[in-house]
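Trainee: What follows is query-v5.txt, compact mmCIF, C-alpha atoms and all ligand atoms.
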# COMPACT_ATOMS: atom_id res chain seq x y z
CA MET A 1 143.53 85.26 96.20
CA PRO A 2 146.19 82.48 95.95
CA GLN A 3 144.62 79.28 94.71
CA PRO A 4 144.17 76.98 97.73
CA PRO A 5 145.17 73.33 97.40
CA PRO A 6 142.26 70.87 96.96
CA LEU A 7 140.31 71.05 100.19
CA THR A 8 137.59 68.96 101.72
CA LEU A 9 134.16 70.49 102.15
CA ARG A 10 134.81 70.99 105.85
CA ALA A 11 138.21 72.55 105.22
CA TRP A 12 136.63 74.90 102.66
CA LEU A 13 134.17 76.04 105.28
CA LEU A 14 136.96 76.88 107.74
CA HIS A 15 139.05 78.53 105.02
CA ALA A 16 136.11 80.65 103.81
CA THR A 17 135.14 81.62 107.36
CA ARG A 18 138.68 82.78 108.09
CA LEU A 19 138.89 84.85 104.88
CA LEU A 20 135.54 86.50 105.59
CA ARG A 21 136.46 87.19 109.22
CA GLU A 22 139.73 88.80 108.11
CA ALA A 23 137.75 90.97 105.67
CA GLY A 24 135.58 92.27 108.52
CA VAL A 25 132.37 90.58 107.36
CA PRO A 26 129.97 90.80 110.34
CA SER A 27 128.79 87.17 110.35
CA PRO A 28 131.66 85.24 108.71
CA GLU A 29 130.61 81.76 109.81
CA ALA A 30 127.00 81.99 108.66
CA ASP A 31 127.97 83.69 105.39
CA ALA A 32 130.68 81.12 104.64
CA ARG A 33 128.27 78.28 105.26
CA ALA A 34 125.55 79.83 103.08
CA LEU A 35 127.95 80.57 100.21
CA VAL A 36 129.70 77.20 100.28
CA LEU A 37 126.41 75.29 100.25
CA HIS A 38 124.83 77.56 97.63
CA THR A 39 127.83 77.53 95.28
CA LEU A 40 128.22 73.77 95.46
CA GLY A 41 124.46 73.22 95.20
CA LEU A 42 124.34 71.29 98.47
CA GLY A 43 121.81 71.08 101.30
CA ALA A 44 122.80 71.75 104.92
CA SER A 45 123.03 68.04 105.72
CA ALA A 46 126.01 67.69 103.34
CA LEU A 47 128.21 69.31 105.98
CA LEU A 48 127.52 66.30 108.19
CA THR A 49 127.43 63.55 105.61
CA ARG A 50 129.97 64.74 103.02
CA GLY A 51 132.26 67.02 105.04
CA GLY A 52 135.28 64.80 104.41
CA GLU A 53 134.92 64.75 100.60
CA VAL A 54 137.40 66.73 98.52
CA VAL A 55 135.78 69.57 96.54
CA PRO A 56 136.71 69.15 92.83
CA GLU A 57 139.10 71.76 91.49
CA ALA A 58 136.65 73.50 89.15
CA GLU A 59 134.11 73.89 91.92
CA GLY A 60 136.85 75.09 94.27
CA GLU A 61 137.72 77.81 91.78
CA ARG A 62 134.11 78.97 91.58
CA LEU A 63 133.91 78.93 95.35
CA ALA A 64 137.12 80.93 95.68
CA GLY A 65 135.64 83.59 93.37
CA VAL A 66 132.41 83.85 95.34
CA ILE A 67 134.20 84.05 98.69
CA GLU A 68 136.49 86.71 97.27
CA ARG A 69 133.48 88.81 96.25
CA ARG A 70 131.93 88.48 99.69
CA ALA A 71 135.29 89.43 101.25
CA ALA A 72 135.09 92.55 99.04
CA ARG A 73 131.77 93.15 100.85
CA VAL A 74 129.36 92.40 98.01
CA PRO A 75 126.10 91.72 99.91
CA LEU A 76 125.45 88.07 100.72
CA GLN A 77 121.98 88.38 99.16
CA HIS A 78 123.45 89.50 95.81
CA LEU A 79 125.74 86.46 95.79
CA LEU A 80 122.96 84.04 96.74
CA GLY A 81 120.77 85.75 94.13
CA GLU A 82 117.56 85.16 96.02
CA VAL A 83 116.10 85.51 99.54
CA GLU A 84 113.04 84.20 101.34
CA TRP A 85 111.24 87.27 102.59
CA GLY A 86 107.75 87.91 103.89
CA GLY A 87 106.44 84.58 102.62
CA VAL A 88 107.72 85.08 99.06
CA ARG A 89 110.95 84.45 97.15
CA LEU A 90 112.75 87.55 95.97
CA ARG A 91 115.55 87.75 93.45
CA THR A 92 117.99 90.38 94.74
CA ASP A 93 120.63 92.31 92.85
CA ALA A 94 122.00 95.83 92.41
CA ARG A 95 118.76 97.03 90.75
CA ALA A 96 116.99 97.47 94.10
CA LEU A 97 117.49 97.63 97.85
CA VAL A 98 118.24 94.27 99.47
CA PRO A 99 115.06 93.39 101.39
CA ARG A 100 115.61 94.06 105.11
CA PRO A 101 114.24 91.97 107.98
CA GLU A 102 112.73 95.05 109.65
CA THR A 103 110.59 95.63 106.58
CA GLU A 104 108.98 92.21 107.14
CA TRP A 105 107.40 93.83 110.17
CA LEU A 106 106.06 96.60 107.95
CA LEU A 107 104.44 93.84 105.87
CA HIS A 108 102.99 92.39 109.05
CA LEU A 109 101.54 95.81 109.98
CA ALA A 110 100.15 96.15 106.45
CA LEU A 111 98.37 92.79 106.66
CA GLU A 112 97.06 93.73 110.10
CA ALA A 113 95.63 96.99 108.73
CA LEU A 114 93.97 95.05 105.89
CA ARG A 115 92.40 92.38 108.11
CA PRO A 116 89.01 94.12 108.46
CA VAL A 117 88.88 95.18 104.79
CA PRO A 118 87.36 92.78 102.24
CA ALA A 119 88.87 92.86 98.72
CA PRO A 120 91.23 95.73 99.62
CA ARG A 121 92.93 98.02 97.13
CA VAL A 122 96.57 98.38 98.07
CA LEU A 123 99.39 100.59 96.79
CA ASP A 124 103.10 100.00 97.47
CA VAL A 125 105.13 103.12 96.67
CA GLY A 126 108.79 102.56 95.75
CA THR A 127 108.44 98.82 95.60
CA GLY A 128 112.07 97.97 94.75
CA THR A 129 112.29 94.16 94.60
CA GLY A 130 108.50 94.10 94.86
CA GLY A 131 108.61 92.56 98.34
CA LEU A 132 105.83 94.48 100.08
CA ALA A 133 103.45 94.29 97.12
CA LEU A 134 104.10 90.58 96.58
CA GLY A 135 103.91 89.81 100.31
CA VAL A 136 100.46 91.40 100.43
CA ALA A 137 99.34 89.67 97.22
CA ALA A 138 100.52 86.29 98.56
CA ALA A 139 98.73 86.68 101.90
CA ARG A 140 95.59 88.32 100.51
CA PRO A 141 94.50 86.76 97.21
CA ASP A 142 91.39 88.98 97.36
CA ALA A 143 93.50 92.18 97.26
CA THR A 144 94.10 94.33 94.19
CA VAL A 145 97.73 95.36 94.48
CA THR A 146 99.49 98.14 92.61
CA ALA A 147 103.16 98.96 93.02
CA THR A 148 105.21 101.86 91.72
CA ASP A 149 108.86 102.67 91.38
CA LEU A 150 110.82 105.52 89.86
CA SER A 151 113.57 103.13 88.77
CA PRO A 152 112.97 101.13 85.56
CA GLY A 153 115.53 98.56 86.74
CA ALA A 154 113.75 98.03 90.04
CA LEU A 155 110.44 97.70 88.23
CA THR A 156 111.86 95.03 85.92
CA LEU A 157 113.18 93.18 88.98
CA ALA A 158 109.78 93.46 90.69
CA ARG A 159 108.18 92.04 87.52
CA GLU A 160 110.62 89.11 87.55
CA ASN A 161 109.78 88.53 91.21
CA ALA A 162 106.04 88.61 90.54
CA ALA A 163 106.57 85.90 87.90
CA LEU A 164 108.87 83.92 90.21
CA ASN A 165 106.03 83.73 92.74
CA GLY A 166 103.20 83.40 90.24
CA LEU A 167 101.53 86.50 91.68
CA ALA A 168 99.65 89.24 89.87
CA VAL A 169 100.39 92.84 90.83
CA THR A 170 100.10 95.95 88.66
CA LEU A 171 103.51 97.57 88.27
CA VAL A 172 103.70 101.23 87.32
CA GLU A 173 106.84 103.22 86.56
CA GLY A 174 106.63 106.70 88.01
CA SER A 175 107.30 109.13 90.81
CA LEU A 176 105.35 108.45 94.02
CA LEU A 177 101.62 108.39 93.27
CA ALA A 178 101.81 110.18 89.90
CA GLY A 179 98.84 109.26 87.74
CA LEU A 180 97.35 106.78 90.22
CA PRO A 181 93.80 107.75 91.01
CA GLY A 182 93.03 105.51 93.95
CA PRO A 183 91.09 105.22 96.15
CA PHE A 184 93.32 102.85 98.11
CA ASN A 185 92.47 101.22 101.42
CA LEU A 186 96.18 101.02 102.21
CA ILE A 187 99.19 102.91 100.96
CA VAL A 188 102.36 101.28 102.23
CA SER A 189 105.92 102.36 101.57
CA ASN A 190 109.50 101.75 102.57
CA PRO A 191 110.74 104.93 100.89
CA PRO A 192 114.32 106.17 100.83
CA TYR A 193 114.67 107.71 104.28
CA LEU A 194 118.31 108.15 105.25
CA PRO A 195 119.69 111.65 105.68
CA GLU A 196 122.29 112.42 102.97
CA GLY A 197 124.87 112.82 105.73
CA ASP A 198 124.71 109.07 106.42
CA ARG A 199 126.21 108.29 103.02
CA ALA A 200 129.82 108.72 104.13
CA GLY A 201 129.47 106.27 107.02
CA ALA A 202 127.40 103.64 105.19
CA ASP A 203 128.42 99.97 105.60
CA PRO A 204 130.32 98.60 102.58
CA GLU A 205 127.34 96.35 101.74
CA VAL A 206 124.93 99.30 101.72
CA ARG A 207 127.06 100.92 99.01
CA HIS A 208 125.79 98.15 96.70
CA ASP A 209 122.19 99.30 97.24
CA PRO A 210 120.99 102.00 94.83
CA ASP A 211 121.39 105.48 96.35
CA LEU A 212 117.94 106.23 94.98
CA ALA A 213 116.51 103.68 97.43
CA LEU A 214 118.39 105.02 100.45
CA TYR A 215 118.80 108.77 100.67
CA ALA A 216 116.11 111.42 100.99
CA GLY A 217 117.61 114.86 101.36
CA ALA A 218 119.29 116.57 104.29
CA ASP A 219 116.81 115.30 106.90
CA GLY A 220 115.79 112.01 105.26
CA LEU A 221 112.15 113.10 104.92
CA GLU A 222 112.21 114.65 101.47
CA VAL A 223 110.46 111.63 99.95
CA ALA A 224 108.11 110.84 102.86
CA ARG A 225 106.72 114.41 102.90
CA PRO A 226 105.45 114.58 99.29
CA LEU A 227 104.40 110.93 99.56
CA ALA A 228 102.10 111.72 102.50
CA ALA A 229 100.80 114.83 100.76
CA GLN A 230 99.85 112.79 97.67
CA ALA A 231 98.46 109.93 99.76
CA ARG A 232 95.96 112.31 101.33
CA ALA A 233 94.01 112.56 98.08
CA ALA A 234 94.35 108.89 97.17
CA LEU A 235 93.19 107.16 100.35
CA ALA A 236 89.71 105.69 100.59
CA PRO A 237 87.64 106.77 103.61
CA GLY A 238 89.18 105.00 106.64
CA GLY A 239 92.29 104.20 104.58
CA VAL A 240 95.69 103.78 106.18
CA LEU A 241 99.09 105.20 105.29
CA LEU A 242 101.90 103.03 106.59
CA LEU A 243 105.55 104.08 106.32
CA GLU A 244 108.92 102.75 107.36
CA LEU A 245 111.23 105.56 108.45
CA ASP A 246 114.53 106.05 110.14
CA PRO A 247 114.13 105.71 113.93
CA ARG A 248 115.47 109.27 114.29
CA ASN A 249 112.59 110.51 112.13
CA ALA A 250 109.49 108.48 112.95
CA ALA A 251 108.30 110.51 115.96
CA PRO A 252 109.08 113.91 114.39
CA PHE A 253 107.32 112.89 111.16
CA ALA A 254 104.25 111.63 113.04
CA SER A 255 104.10 115.09 114.69
CA GLU A 256 104.29 116.75 111.27
CA LEU A 257 101.41 114.58 110.05
CA ARG A 258 99.31 115.41 113.13
CA ALA A 259 99.95 119.12 112.51
CA ASP A 260 98.56 118.50 109.00
CA GLY A 261 95.37 116.97 110.39
CA TRP A 262 96.26 113.25 110.26
CA ARG A 263 95.79 110.85 113.13
CA ALA A 264 99.30 109.40 113.30
CA GLU A 265 101.08 106.99 115.61
CA VAL A 266 104.59 105.60 115.84
CA LEU A 267 105.17 101.86 116.04
CA PRO A 268 108.38 100.05 117.03
CA ASP A 269 110.25 97.43 115.03
CA LEU A 270 111.13 94.09 116.61
CA ALA A 271 114.27 95.59 118.13
CA GLY A 272 112.12 98.24 119.86
CA ARG A 273 113.24 101.11 117.60
CA GLU A 274 110.57 103.61 116.57
CA ARG A 275 110.58 102.82 112.87
CA PHE A 276 107.04 102.89 111.53
CA VAL A 277 104.33 105.52 111.21
CA ARG A 278 100.68 104.54 110.81
CA ALA A 279 98.37 107.38 109.82
CA ARG A 280 94.72 107.87 108.97
CA LEU A 281 92.68 110.85 107.94
CA PRO A 282 89.82 111.79 110.28
CA SER A 283 86.51 110.53 108.93
N1 LIG B 1 117.06 100.47 106.47
C1 LIG B 1 117.95 100.82 105.41
C2 LIG B 1 119.35 101.00 105.91
O1 LIG B 1 119.53 101.35 107.04
C3 LIG B 1 117.48 102.08 104.72
C4 LIG B 1 116.38 101.73 103.82
C5 LIG B 1 115.64 102.89 103.31
O2 LIG B 1 116.15 104.02 103.20
N2 LIG B 1 114.41 102.66 102.98
O3 LIG B 1 120.28 100.75 105.18
Can you give me the file's structure in the form of structure tokens?

Mentor:
Amino acid sequence: MPQPPPLTLRAWLLHATRLLREAGVPSPEADARALVLHTLGLGASALLTRGGEVVPEAEGERLAGVIERRAARVPLQHLLGEVEWGGVRLRTDARALVPRPETEWLLHLALEALRPVPAPRVLDVGTGTGGLALGVAAARPDATVTATDLSPGALTLARENAALNGLAVTLVEGSLLAGLPGPFNLIVSNPPYLPEGDRAGADPEVRHDPDLALYAGADGLEVARPLAAQARAALAPGGVLLLELDPRNAAPFASELRADGWRAEVLPDLAGRERFVRARLPS
């Protein structure tokens, strides 16, 4: 990127917005604003009170680098380094899936399922950044929360995020429920659930998420199936299995679970897409 002349804060914002728009970034204005403020260490009010001030050259260079990376479609969350999600702060980088807003609704459903259960035992399978496990731990100090992940990098990130929030969760490296005896009152998971065929058409930002967190075989259910099978033996009586799935798969997977003897229902996300499955074993 050619080095721009010294610009005011307001001019930087316009310049960054234009570069991001030209790069096809879906929300150029919001991203430019977030990156300019974050990189310069400013609060939102600075745009009103200091918009006419010239940004010093060294800071302008840093800003140019960050904007260039976003224009190359590095996820905003990786550049900001941290997100507010589900009532906790989560460091985000290439070690795990960027926490999605729809998964906050999965956390909501998890907390709803736990409401009648005192001192619940909760398992988050494939925790990634740790978001679901930490969201539960933050909202339910009486819960005992365990979280697993196959990826050592993700587990390290989840451990950093537990420390960042001062929350205690047990983190276990392993495949699905391997070695975890239960019984759990709730098993919650946002597993990889995209069909392999989606890989070719993935958004540029999604290519920065680990494939391990995204794709689950030809039909996208090759992780959810063994997960449900293992959950069967690990749920406490009355326990709930709660999964996020691709909207193409939630209803078919609920049918599969019912055929296996579960009581299973499909729940919509906030955009009305059938994205979640809530299942119980008959008592
Ligand atoms: N919702 C994510 C996406 O569409 C997929 C996350 C997942 O597979 N768990 O990119």

Trainee: Please identify every polymer residue within 7 Å of ligand LIG 1 (chain B), using only C-alpha atoms and all ligand atoms, and present the set as a ChimeraX atom specification.

Mentor: /A:100,190-194,206,213-215,245

Trainee: Kindly give the distance, in Å, that separates atom CA of Pro120 of chain A and atom CA of Gly87 of chain A, rounded to a single decimal.

Mentor: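 Taking atom CA of Pro120 of chain A and atom CA of Gly87 of chain A, their separation equals 19.1 Å.
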
Trainee: What's the 12 Å shell around Arg69 of chain A, counting all atoms listed in the file, without same-chain residues fewer than 2 positions away, as a VMD selection string?

Mentor: chain A and resid 1 16 19 to 20 23 25 31 to 32 35 62 to 67 71 to 80 205

Trainee: Name the residues in contact with Pro181 of chain A at a cut-off of 12 Å, using only C-alpha atoms, excluding same-chain residues fewer than 3 positions from it; report them as a list in words.

Mentor: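 So the residues in contact are Arg121, Leu123, Thr146, Leu176, Leu177, Ala178, Phe184, Gln230, Ala231, Arg232, Ala233, Ala234, Leu235 and Ala236 of chain A.
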
Trainee: Find the residues with any atom within 9 Å of (95.8, 108.6, 106.5); use all atoms listed in the file and the coordinates as given in the file, and write the answer as a PyMOL selection string.

Mentor: chain A and resi 186-187+228+231-232+235-242+257+262-264+278-282

Trainee: Please identify all polymer residues within 12 Å of Asp219 of chain A, counting all atoms listed in the file, omitting same-chain residues fewer than 5 positions from it, and present them as a short mmCIF file (atom, residue, chain, number, x, y, z; two decimals) with C-alpha atoms, in the coordinates of the input.

Mentor:
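Written out: out.cif:
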data_model
loop_
_atom_site.label_atom_id
_atom_site.label_comp_id
_atom_site.auth_asym_id
_atom_site.auth_seq_id
_atom_site.Cartn_x
_atom_site.Cartn_y
_atom_site.Cartn_z
CA PRO A 192 114.32 106.17 100.83
CA TYR A 193 114.67 107.71 104.28
CA LEU A 194 118.31 108.15 105.25
CA PRO A 195 119.69 111.65 105.68
CA GLU A 196 122.29 112.42 102.97
CA GLY A 197 124.87 112.82 105.73
CA ASP A 198 124.71 109.07 106.42
CA ALA A 224 108.11 110.84 102.86
CA ARG A 225 106.72 114.41 102.90
CA LEU A 245 111.23 105.56 108.45
CA ASP A 246 114.53 106.05 110.14
CA ARG A 248 115.47 109.27 114.29
CA ASN A 249 112.59 110.51 112.13
CA ALA A 250 109.49 108.48 112.95
CA PRO A 252 109.08 113.91 114.39
CA PHE A 253 107.32 112.89 111.16
#

Trainee: Residues within 12 Å of (98.5, 90.1, 94.7), file coordinates, counting all atoms listed in the file: what are they? Give the list as an MDAnalysis selection string.

Mentor: chainID A and resid 88 119:124 130:147 161:163 165:171

Trainee: Residues as selected, C-alpha atoms, written as a PDB file, in the coordinates of the input, can you do that?

Mentor:
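New file part07.pdb:
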ATOM      1  CA  VAL A  88     107.720  85.080  99.060  1.00  0.00           C
ATOM      2  CA  ALA A 119      88.870  92.860  98.720  1.00  0.00           C
ATOM      3  CA  PRO A 120      91.230  95.730  99.620  1.00  0.00           C
ATOM      4  CA  ARG A 121      92.930  98.020  97.130  1.00  0.00           C
ATOM      5  CA  VAL A 122      96.570  98.380  98.070  1.00  0.00           C
ATOM      6  CA  LEU A 123      99.390 100.590  96.790  1.00  0.00           C
ATOM      7  CA  ASP A 124     103.100 100.000  97.470  1.00  0.00           C
ATOM      8  CA  GLY A 130     108.500  94.100  94.860  1.00  0.00           C
ATOM      9  CA  GLY A 131     108.610  92.560  98.340  1.00  0.00           C
ATOM     10  CA  LEU A 132     105.830  94.480 100.080  1.00  0.00           C
ATOM     11  CA  ALA A 133     103.450  94.290  97.120  1.00  0.00           C
ATOM     12  CA  LEU A 134     104.100  90.580  96.580  1.00  0.00           C
ATOM     13  CA  GLY A 135     103.910  89.810 100.310  1.00  0.00           C
ATOM     14  CA  VAL A 136     100.460  91.400 100.430  1.00  0.00           C
ATOM     15  CA  ALA A 137      99.340  89.670  97.220  1.00  0.00           C
ATOM     16  CA  ALA A 138     100.520  86.290  98.560  1.00  0.00           C
ATOM     17  CA  ALA A 139      98.730  86.680 101.900  1.00  0.00           C
ATOM     18  CA  ARG A 140      95.590  88.320 100.510  1.00  0.00           C
ATOM     19  CA  PRO A 141      94.500  86.760  97.210  1.00  0.00           C
ATOM     20  CA  ASP A 142      91.390  88.980  97.360  1.00  0.00           C
ATOM     21  CA  ALA A 143      93.500  92.180  97.260  1.00  0.00           C
ATOM     22  CA  THR A 144      94.100  94.330  94.190  1.00  0.00           C
ATOM     23  CA  VAL A 145      97.730  95.360  94.480  1.00  0.00           C
ATOM     24  CA  THR A 146      99.490  98.140  92.610  1.00  0.00           C
ATOM     25  CA  ALA A 147     103.160  98.960  93.020  1.00  0.00           C
ATOM     26  CA  ASN A 161     109.780  88.530  91.210  1.00  0.00           C
ATOM     27  CA  ALA A 162     106.040  88.610  90.540  1.00  0.00           C
ATOM     28  CA  ALA A 163     106.570  85.900  87.900  1.00  0.00           C
ATOM     29  CA  ASN A 165     106.030  83.730  92.740  1.00  0.00           C
ATOM     30  CA  GLY A 166     103.200  83.400  90.240  1.00  0.00           C
ATOM     31  CA  LEU A 167     101.530  86.500  91.680  1.00  0.00           C
ATOM     32  CA  ALA A 168      99.650  89.240  89.870  1.00  0.00           C
ATOM     33  CA  VAL A 169     100.390  92.840  90.830  1.00  0.00           C
ATOM     34  CA  THR A 170     100.100  95.950  88.660  1.00  0.00           C
ATOM     35  CA  LEU A 171     103.510  97.570  88.270  1.00  0.00           C
TER      36      LEU A 171
END

Trainee: Identify which of the residues A:Ala96, A:Gly174, A:Pro204, A:Pro118 lies closest to Gly153 of chain A, counting all atoms listed in the file when measuring atom-to-atom distances.

Mentor: A:Ala96

Trainee: With a distance cut-off of 8 Å and only C-alpha atoms, select the neighbouring residues of Ser189 of chain A, excluding the residue or stretch itself and same-chain residues fewer than 6 positions from it, and output the selection as an mmCIF file with C-alpha atoms, in the frame of the given file.

Mentor:
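Output saved as out_20.cif:
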data_model
loop_
_atom_site.group_PDB
_atom_site.id
_atom_site.type_symbol
_atom_site.label_atom_id
_atom_site.label_comp_id
_atom_site.auth_asym_id
_atom_site.auth_seq_id
_atom_site.Cartn_x
_atom_site.Cartn_y
_atom_site.Cartn_z
ATOM 1 C CA ASP A 124 103.100 100.000 97.470
ATOM 2 C CA VAL A 125 105.130 103.120 96.670
ATOM 3 C CA GLY A 126 108.790 102.560 95.750
ATOM 4 C CA THR A 127 108.440 98.820 95.600
ATOM 5 C CA LEU A 242 101.900 103.030 106.590
ATOM 6 C CA LEU A 243 105.550 104.080 106.320
ATOM 7 C CA GLU A 244 108.920 102.750 107.360
#
